[in-house]
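Structure below is run-v2.csv: CSV, C-alpha atoms.
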chain,number,residue,atom,x,y,z
E,1,MET,CA,28.6,19.4,-29.3
E,2,SER,CA,28.4,17.2,-32.4
E,3,ARG,CA,25.9,17.9,-35.2
E,4,SER,CA,24.2,14.5,-34.6
E,5,LYS,CA,23.6,15.4,-30.9
E,6,GLN,CA,22.4,18.8,-31.8
E,7,GLY,CA,20.0,17.2,-34.3
E,8,ARG,CA,18.7,14.8,-31.6
E,9,ASN,CA,18.2,17.7,-29.1
E,10,ALA,CA,16.4,19.8,-31.7
E,11,SER,CA,14.2,16.8,-32.6
E,12,ILE,CA,13.3,16.2,-28.9
E,13,ALA,CA,12.6,19.9,-28.4
E,14,GLY,CA,10.4,19.9,-31.5
E,15,ARG,CA,8.4,17.0,-30.2
E,16,LEU,CA,7.9,18.5,-26.8
E,17,GLY,CA,6.7,21.7,-28.3
E,18,SER,CA,4.4,20.2,-30.9
E,19,PRO,CA,0.7,20.7,-30.8
E,20,ALA,CA,0.2,17.0,-30.1
E,21,ALA,CA,2.4,17.2,-27.0
E,22,ALA,CA,0.5,20.3,-25.8
E,23,LEU,CA,-2.8,18.5,-26.3
E,24,GLY,CA,-1.6,15.5,-24.4
E,25,SER,CA,-0.5,17.7,-21.5
E,26,GLY,CA,-3.8,19.4,-21.5
E,27,VAL,CA,-5.8,16.2,-21.5
E,28,THR,CA,-3.6,14.9,-18.6
E,29,LEU,CA,-4.1,18.0,-16.6
E,30,LEU,CA,-7.8,18.0,-17.2
E,31,TRP,CA,-8.1,14.3,-16.2
E,32,LEU,CA,-6.1,14.9,-13.0
E,33,SER,CA,-8.2,17.9,-12.2
E,34,VAL,CA,-11.5,16.2,-12.6
E,35,ILE,CA,-10.6,12.9,-11.1
E,36,VAL,CA,-8.2,13.9,-8.4
E,37,LEU,CA,-7.7,17.6,-7.7
E,38,LEU,CA,-11.3,18.8,-7.7
E,39,PRO,CA,-12.6,16.0,-5.4
E,40,LEU,CA,-9.7,16.6,-3.0
E,41,ALA,CA,-10.4,20.3,-3.0
E,42,ALA,CA,-14.1,19.7,-2.3
E,43,ILE,CA,-13.3,17.5,0.7
E,44,ALA,CA,-10.9,20.0,2.1
E,45,VAL,CA,-13.5,22.8,1.7
E,46,LYS,CA,-16.1,20.7,3.5
E,47,ALA,CA,-13.7,19.8,6.3
E,48,PHE,CA,-13.0,23.4,7.0
E,49,ASP,CA,-16.6,24.6,6.8
E,50,GLY,CA,-16.5,25.6,10.4
E,51,GLY,CA,-13.0,27.0,10.2
E,52,PHE,CA,-9.9,25.5,11.7
E,53,GLY,CA,-11.5,25.2,15.1
E,54,GLY,CA,-14.3,23.1,13.7
E,55,PHE,CA,-11.9,20.9,11.8
E,56,TRP,CA,-9.8,20.4,15.0
E,57,ARG,CA,-12.8,19.5,17.1
E,58,ALA,CA,-13.9,17.0,14.4
E,59,VAL,CA,-10.6,15.2,14.4
E,60,THR,CA,-9.9,15.3,18.1
E,61,ASN,CA,-13.1,14.1,19.6
E,62,LYS,CA,-12.7,10.8,21.4
E,63,ASP,CA,-14.5,8.6,18.8
E,64,ALA,CA,-12.5,10.0,15.9
E,65,LEU,CA,-9.2,9.7,17.7
E,66,ALA,CA,-10.0,6.1,18.7
E,67,ALA,CA,-10.8,5.2,15.1
E,68,LEU,CA,-7.7,6.8,13.8
E,69,GLU,CA,-5.5,5.2,16.4
E,70,ILE,CA,-6.9,1.7,15.6
E,71,THR,CA,-6.5,2.4,11.9
E,72,LEU,CA,-2.9,3.5,12.1
E,73,TRP,CA,-1.5,0.8,14.4
E,74,VAL,CA,-3.4,-2.0,12.6
E,75,SER,CA,-2.3,-0.7,9.2
E,76,LEU,CA,1.3,-0.5,10.4
E,77,LEU,CA,1.1,-4.1,11.7
E,78,VAL,CA,-0.4,-5.2,8.4
E,79,ALA,CA,2.4,-3.5,6.4
E,80,LEU,CA,5.0,-5.4,8.5
E,81,VAL,CA,3.2,-8.7,8.0
E,82,ASP,CA,3.0,-8.0,4.3
E,83,VAL,CA,6.8,-7.2,4.1
E,84,VAL,CA,7.7,-10.5,5.8
E,85,PHE,CA,5.3,-12.8,4.0
E,86,GLY,CA,5.2,-10.9,0.7
E,87,ALA,CA,9.0,-11.1,0.4
E,88,ILE,CA,9.0,-14.8,1.2
E,89,ILE,CA,6.2,-15.5,-1.3
E,90,ALA,CA,8.0,-13.5,-4.0
E,91,TRP,CA,11.2,-15.4,-3.3
E,92,VAL,CA,9.5,-18.7,-3.6
E,93,LEU,CA,7.7,-17.7,-6.9
E,94,VAL,CA,11.0,-16.5,-8.4
E,95,ARG,CA,13.6,-19.0,-7.1
E,96,ASP,CA,11.6,-22.2,-6.7
E,97,ASP,CA,9.9,-24.4,-9.3
E,98,PHE,CA,6.9,-26.5,-8.1
E,99,ARG,CA,3.7,-27.9,-9.5
E,100,GLY,CA,0.9,-25.3,-9.5
E,101,LYS,CA,3.2,-22.3,-9.5
E,102,GLU,CA,1.2,-20.6,-12.2
E,103,TRP,CA,-2.0,-21.0,-10.1
E,104,VAL,CA,-0.3,-19.5,-7.1
E,105,ASN,CA,0.9,-16.6,-9.3
E,106,ALA,CA,-2.6,-16.0,-10.4
E,107,ILE,CA,-4.1,-16.3,-7.0
E,108,ILE,CA,-1.7,-13.5,-5.7
E,109,ASP,CA,-3.6,-11.0,-7.9
E,110,LEU,CA,-7.0,-12.2,-6.9
E,111,PRO,CA,-7.5,-9.5,-4.2
E,112,PHE,CA,-6.9,-6.8,-6.9
E,113,ALA,CA,-9.9,-8.2,-9.0
E,114,LEU,CA,-12.1,-9.4,-6.2
E,115,PRO,CA,-14.6,-6.9,-4.7
E,116,THR,CA,-13.4,-6.3,-1.2
E,117,ILE,CA,-16.9,-6.8,0.3
E,118,VAL,CA,-16.8,-10.4,-1.2
E,119,ALA,CA,-13.5,-10.9,0.7
E,120,SER,CA,-15.2,-9.8,3.9
E,121,ILE,CA,-18.0,-12.3,3.3
E,122,VAL,CA,-15.5,-15.1,2.6
E,123,LEU,CA,-13.4,-14.3,5.7
E,124,LEU,CA,-16.5,-14.0,7.9
E,125,SER,CA,-17.6,-17.5,6.8
E,126,LEU,CA,-14.2,-18.8,7.7
E,127,TYR,CA,-13.6,-16.9,11.0
E,128,GLY,CA,-17.1,-15.9,12.0
E,129,PRO,CA,-19.6,-17.5,14.4
E,130,ALA,CA,-20.1,-20.5,12.1
E,131,SER,CA,-16.4,-21.0,11.5
E,132,PRO,CA,-15.7,-24.5,10.0
E,133,ILE,CA,-12.3,-24.5,11.6
E,134,ASP,CA,-13.6,-23.4,15.0
E,135,LEU,CA,-11.5,-20.2,14.9
E,136,LYS,CA,-14.0,-17.4,15.8
E,137,ILE,CA,-12.2,-14.1,15.8
E,138,ALA,CA,-14.8,-11.9,14.1
E,139,ALA,CA,-15.2,-8.4,15.6
E,140,THR,CA,-11.7,-8.4,17.0
E,141,GLN,CA,-8.5,-6.5,16.0
E,142,PRO,CA,-6.8,-9.7,14.8
E,143,ALA,CA,-9.7,-10.1,12.4
E,144,LEU,CA,-8.9,-6.6,11.1
E,145,VAL,CA,-5.3,-7.6,10.5
E,146,ILE,CA,-6.3,-10.7,8.6
E,147,ALA,CA,-8.8,-8.8,6.4
E,148,LEU,CA,-6.4,-6.0,5.6
E,149,ALA,CA,-3.5,-8.4,4.9
E,150,PHE,CA,-5.7,-10.3,2.5
E,151,VAL,CA,-6.2,-7.2,0.3
E,152,THR,CA,-2.7,-5.6,0.7
E,153,LEU,CA,-0.3,-8.5,0.5
E,154,PRO,CA,-0.1,-8.4,-3.4
E,155,PHE,CA,1.4,-4.9,-3.3
E,156,VAL,CA,4.6,-6.3,-1.7
E,157,VAL,CA,4.8,-9.4,-3.7
E,158,ARG,CA,4.4,-7.6,-7.0
E,159,GLN,CA,7.0,-4.9,-6.0
E,160,VAL,CA,9.6,-7.4,-4.9
E,161,GLN,CA,9.1,-10.1,-7.6
E,162,PRO,CA,10.5,-8.2,-10.6
E,163,VAL,CA,13.5,-7.1,-8.7
E,164,LEU,CA,14.3,-10.7,-7.7
E,165,LEU,CA,14.0,-11.7,-11.4
E,166,GLU,CA,16.6,-9.1,-12.3
E,167,LEU,CA,19.1,-10.0,-9.6
E,168,ASP,CA,22.3,-11.5,-10.8
E,169,THR,CA,22.7,-14.8,-9.0
E,170,ASP,CA,26.4,-14.9,-9.9
E,171,VAL,CA,27.0,-12.3,-7.2
E,172,GLU,CA,25.4,-14.6,-4.6
E,173,GLU,CA,27.4,-17.6,-5.8
E,174,ALA,CA,30.6,-15.5,-5.7
E,175,ALA,CA,29.9,-14.5,-2.1
E,176,ALA,CA,29.2,-18.1,-1.2
E,177,SER,CA,32.4,-19.2,-2.7
E,178,LEU,CA,34.3,-16.7,-0.6
E,179,GLY,CA,32.8,-18.2,2.5
E,180,ALA,CA,29.8,-16.0,3.1
E,181,GLY,CA,27.0,-17.7,5.0
E,182,ASN,CA,23.3,-17.5,4.0
E,183,ARG,CA,22.6,-14.8,6.5
E,184,THR,CA,25.5,-12.6,5.2
E,185,ILE,CA,24.4,-13.1,1.6
E,186,LEU,CA,20.8,-12.2,2.5
E,187,THR,CA,21.7,-9.0,4.4
E,188,LYS,CA,24.7,-7.8,2.5
E,189,VAL,CA,24.0,-8.9,-1.1
E,190,ILE,CA,20.3,-9.5,-1.6
E,191,PHE,CA,18.5,-7.1,0.7
E,192,PRO,CA,20.2,-3.9,-0.4
E,193,SER,CA,18.9,-4.5,-3.9
E,194,LEU,CA,15.4,-5.4,-2.6
E,195,ALA,CA,15.1,-2.6,-0.1
E,196,PRO,CA,13.6,0.0,-2.4
E,197,ALA,CA,11.0,-2.4,-3.7
E,198,VAL,CA,10.3,-3.6,-0.1
E,199,PHE,CA,9.8,-0.1,1.2
E,200,THR,CA,7.6,0.9,-1.8
E,201,GLY,CA,5.4,-2.2,-1.2
E,202,ALA,CA,5.2,-1.5,2.5
E,203,GLY,CA,4.1,2.1,1.7
E,204,LEU,CA,1.4,1.0,-0.8
E,205,SER,CA,0.1,-1.6,1.7
E,206,PHE,CA,-0.1,0.9,4.5
E,207,SER,CA,-1.7,3.5,2.4
E,208,ARG,CA,-4.3,1.0,1.1
E,209,ALA,CA,-5.0,-0.3,4.6
E,210,ILE,CA,-5.7,3.0,6.2
E,211,GLY,CA,-8.5,3.7,3.7
E,212,GLU,CA,-9.8,0.1,3.3
E,213,PHE,CA,-13.5,-0.4,4.0
E,214,GLY,CA,-15.0,-3.4,2.2
E,215,SER,CA,-12.9,-6.1,3.6
E,216,VAL,CA,-13.4,-5.1,7.2
E,217,VAL,CA,-17.1,-4.0,7.1
E,218,LEU,CA,-18.4,-7.4,8.1
E,219,LEU,CA,-15.5,-9.2,9.7
E,220,GLY,CA,-14.4,-6.2,11.9
E,221,GLY,CA,-17.7,-5.7,13.6
E,222,ASN,CA,-17.5,-1.8,13.6
E,223,ILE,CA,-17.3,-1.6,17.4
E,224,PRO,CA,-16.4,2.0,18.5
E,225,HIS,CA,-13.1,2.2,20.4
E,226,LYS,CA,-12.4,-1.5,19.7
E,227,THR,CA,-12.6,-2.5,16.0
E,228,GLN,CA,-14.1,0.6,14.3
E,229,VAL,CA,-11.6,1.9,11.7
E,230,ALA,CA,-11.5,5.3,10.2
E,231,SER,CA,-13.4,4.4,7.0
E,232,GLN,CA,-16.2,3.0,9.1
E,233,TYR,CA,-16.2,6.0,11.3
E,234,ILE,CA,-16.5,8.2,8.2
E,235,GLN,CA,-19.5,6.2,7.0
E,236,GLN,CA,-21.1,6.5,10.4
E,237,GLN,CA,-20.7,10.2,10.4
E,238,ILE,CA,-22.4,10.5,7.0
E,239,GLU,CA,-25.3,8.3,8.1
E,240,ILE,CA,-25.9,10.6,11.1
E,241,ASP,CA,-25.8,13.7,8.9
E,242,GLN,CA,-22.4,14.9,10.1
E,243,PRO,CA,-20.6,15.3,6.7
E,244,GLY,CA,-18.1,17.9,8.2
E,245,ASN,CA,-16.8,15.3,10.6
E,246,ALA,CA,-16.5,12.7,7.9
E,247,ALA,CA,-14.7,15.2,5.6
E,248,ALA,CA,-12.3,16.2,8.4
E,249,VAL,CA,-11.2,12.6,9.1
E,250,SER,CA,-10.9,11.9,5.4
E,251,VAL,CA,-8.5,14.8,5.1
E,252,VAL,CA,-6.4,13.4,7.9
E,253,LEU,CA,-6.2,10.0,6.1
E,254,LEU,CA,-5.3,11.8,2.8
E,255,VAL,CA,-2.5,13.8,4.5
E,256,ILE,CA,-1.1,10.7,6.2
E,257,ALA,CA,-1.2,8.6,3.0
E,258,PHE,CA,0.4,11.4,1.0
E,259,PHE,CA,3.3,11.9,3.4
E,260,VAL,CA,3.9,8.2,3.9
E,261,LEU,CA,4.1,7.6,0.1
E,262,LEU,CA,6.3,10.7,-0.4
E,263,ALA,CA,8.7,9.6,2.4
E,264,LEU,CA,8.9,6.1,1.1
E,265,ARG,CA,9.5,7.3,-2.4
E,266,LEU,CA,12.3,9.5,-1.2
E,267,VAL,CA,13.8,6.7,0.8
E,268,GLY,CA,13.4,4.3,-2.0
E,269,SER,CA,15.1,6.6,-4.5
E,270,LYS,CA,18.0,7.2,-2.1
E,271,LEU,CA,18.4,3.4,-1.5
E,272,ALA,CA,18.3,2.8,-5.3
E,273,TRP,CA,20.9,5.6,-5.9
E,274,ARG,CA,23.2,4.0,-3.2
E,275,GLU,CA,22.8,0.6,-4.8
E,276,GLU,CA,23.7,2.0,-8.2
E,277,LYS,CA,26.9,3.6,-6.8
E,278,ARG,CA,28.1,0.3,-5.3

Kindly return the structure encoded in the file as structure tokens.
Amino acid sequence: MSRSKQGRNASIAGRLGSPAAALGSGVTLLWLSVIVLLPLAAIAVKAFDGGFGGFWRAVTNKDALAALEITLWVSLLVALVDVVFGAIIAWVLVRDDFRGKEWVNAIIDLPFALPTIVASIVLLSLYGPASPIDLKIAATQPALVIALAFVTLPFVVRQVQPVLLELDTDVEEAAASLGAGNRTILTKVIFPSLAPAVFTGAGLSFSRAIGEFGSVVLLGGNIPHKTQVASQYIQQQIEIDQPGNAAAVSVVLLVIAFFVLLALRLVGSKLAWREEKR
């Protein structure tokens, strides 16, 4: 090992072991504990107040199961919709030039800044009983899909957009010059590079959708066994003084979100590693 390399390693080791680094690690751990770990622990303790049997009864009663089923399948559908339309929007924003492009780019981020209850009011005024376009779908599952897609679409767009910006178009042109069609270029050249970002965006959309409340609270109707999602069921249980049931369903959502994000991160890392090896 050269002296310069040894010097760099010693410098890095010194920085990592410095009091400032230790203080930074301590602050980070404290912040995560107060904001994330302690609340999660509190929810878990509340969910298991009645033991595992009480937890199991809380999450397997017919109303809880119906809310979870509606939440999961609607969120999965929303994630698929986001993948398709989010990728298309990202493609247009990167590859096409048109008047008003900056405005469209800004509007994409609007759901991040807009209070979701405002989104619910806006969507209700458009698709509710007084719909100006005569499309009255409030209190239906398609309304849930629209409301959730409104707040989750930016996750896919903002994940795919930077990857598209970094893609080398020379590879696409080379493939085209060799006789490859648009479909082949899309599936064999472009998509492998986009796949990690697409999967990550889908995971973020799904995880946000299963816990979303504000955007569906008015448009969805909160009809048990029809349009009541898990977040609304949790609120209902709190209102009728059943916090244990609410905590139990919350834990189920947390576990689902955690494993979905973990799986997608692992898949995304594997796809990125394969792409680097190509």

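The environment of stretch 149-158 of chain E within 8 Å, counting only C-alpha atoms and disregarding residues fewer than 5 places along the same chain, consists of Val78, Ala79, Val81, Asp82, Val83, Phe85, Gly86, Ala87, Ile89, Ala90, Ile108, Asp109, Pro111, Phe112, Thr116, Ala197, Val198, Thr200, Gly201, Ala202, Leu204, Ser205, Phe206, Arg208, Ala209 and Ser215 of chain E.
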
Could you list, with a cut-off of 7 Å and counting all atoms listed in the file, the residues of stretch 17-125 of chain E near stretch 224-227 of chain E, each shown with its nearest atom pair and the distance in Å rounded to one decimal, rows sorted by chain and ascending number, as JSON lines?
{"residue": "E:Asp63", "atom": "CA", "partner": "E:His225", "partner_atom": "CA", "distance": 6.7}
{"residue": "E:Ala66", "atom": "CA", "partner": "E:His225", "partner_atom": "CA", "distance": 5.3}
{"residue": "E:Ala67", "atom": "CA", "partner": "E:His225", "partner_atom": "CA", "distance": 6.5}

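Distance cut-off 10 Å, centre (-18.2, -7.0, 15.8), atoms counted all atoms listed in the file; the residues meeting this are Gly128, Ile137, Ala138, Ala139, Thr140, Gln141, Ala143, Val217, Leu218, Leu219, Gly220, Gly221, Asn222, Ile223, Pro224, Lys226, Thr227 and Gln228 of chain E.
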
Set out as CSV a contact list for stretch 113-217 of chain E and stretch 250-256 of chain E with a cut-off of 9 Å, giving each residue of stretch 113-217 of chain E that qualifies its closest atom pair and distance in Å to one decimal, counting all atoms listed in the file, ordered by chain and rising residue number.
residue,atom,partner,partner_atom,distance
E:Ser207,CA,E:Ile256,CA,8.2
E:Ile210,CA,E:Leu253,CA,7.0
E:Gly211,CA,E:Leu253,CA,7.1

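Shortest atom-to-atom contact with E:Ala246 among E:Ala119, E:Val260, E:Ala230, E:Leu135: E:Ala230, counting only C-alpha atoms.
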
Which residues of stretch 139-247 of chain E come within 9 Å of stretch 32-52 of chain E, and for each one, what is the closest pair of atoms and their distance in Å to one decimal, counting all atoms listed in the file, sorted by chain and residue number, as JSON lines?
{"residue": "E:Pro243", "atom": "CA", "partner": "E:Lys46", "partner_atom": "CA", "distance": 7.7}
{"residue": "E:Gly244", "atom": "CA", "partner": "E:Ala47", "partner_atom": "CA", "distance": 5.2}
{"residue": "E:Asn245", "atom": "CA", "partner": "E:Ala47", "partner_atom": "CA", "distance": 7.0}
{"residue": "E:Ala246", "atom": "CA", "partner": "E:Ala47", "partner_atom": "CA", "distance": 7.8}
{"residue": "E:Ala247", "atom": "CA", "partner": "E:Ala47", "partner_atom": "CA", "distance": 4.8}

- Message: For a quick check of understanding, using all atoms listed in the file, which of E:Ala113, E:Ala257, E:Ala64, E:Leu93 has the smallest distance to E:Leu164?
- Response: E:Leu93

- For E:Leu76, the nearest of the candidates E:Glu102, E:Ile88, E:Leu144, E:Val59, counting all atoms listed in the file: E:Leu144

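The interatomic distance for the pair atom CA of E:Gly24 and atom CA of E:Ser269 works out to 27.5 Å.
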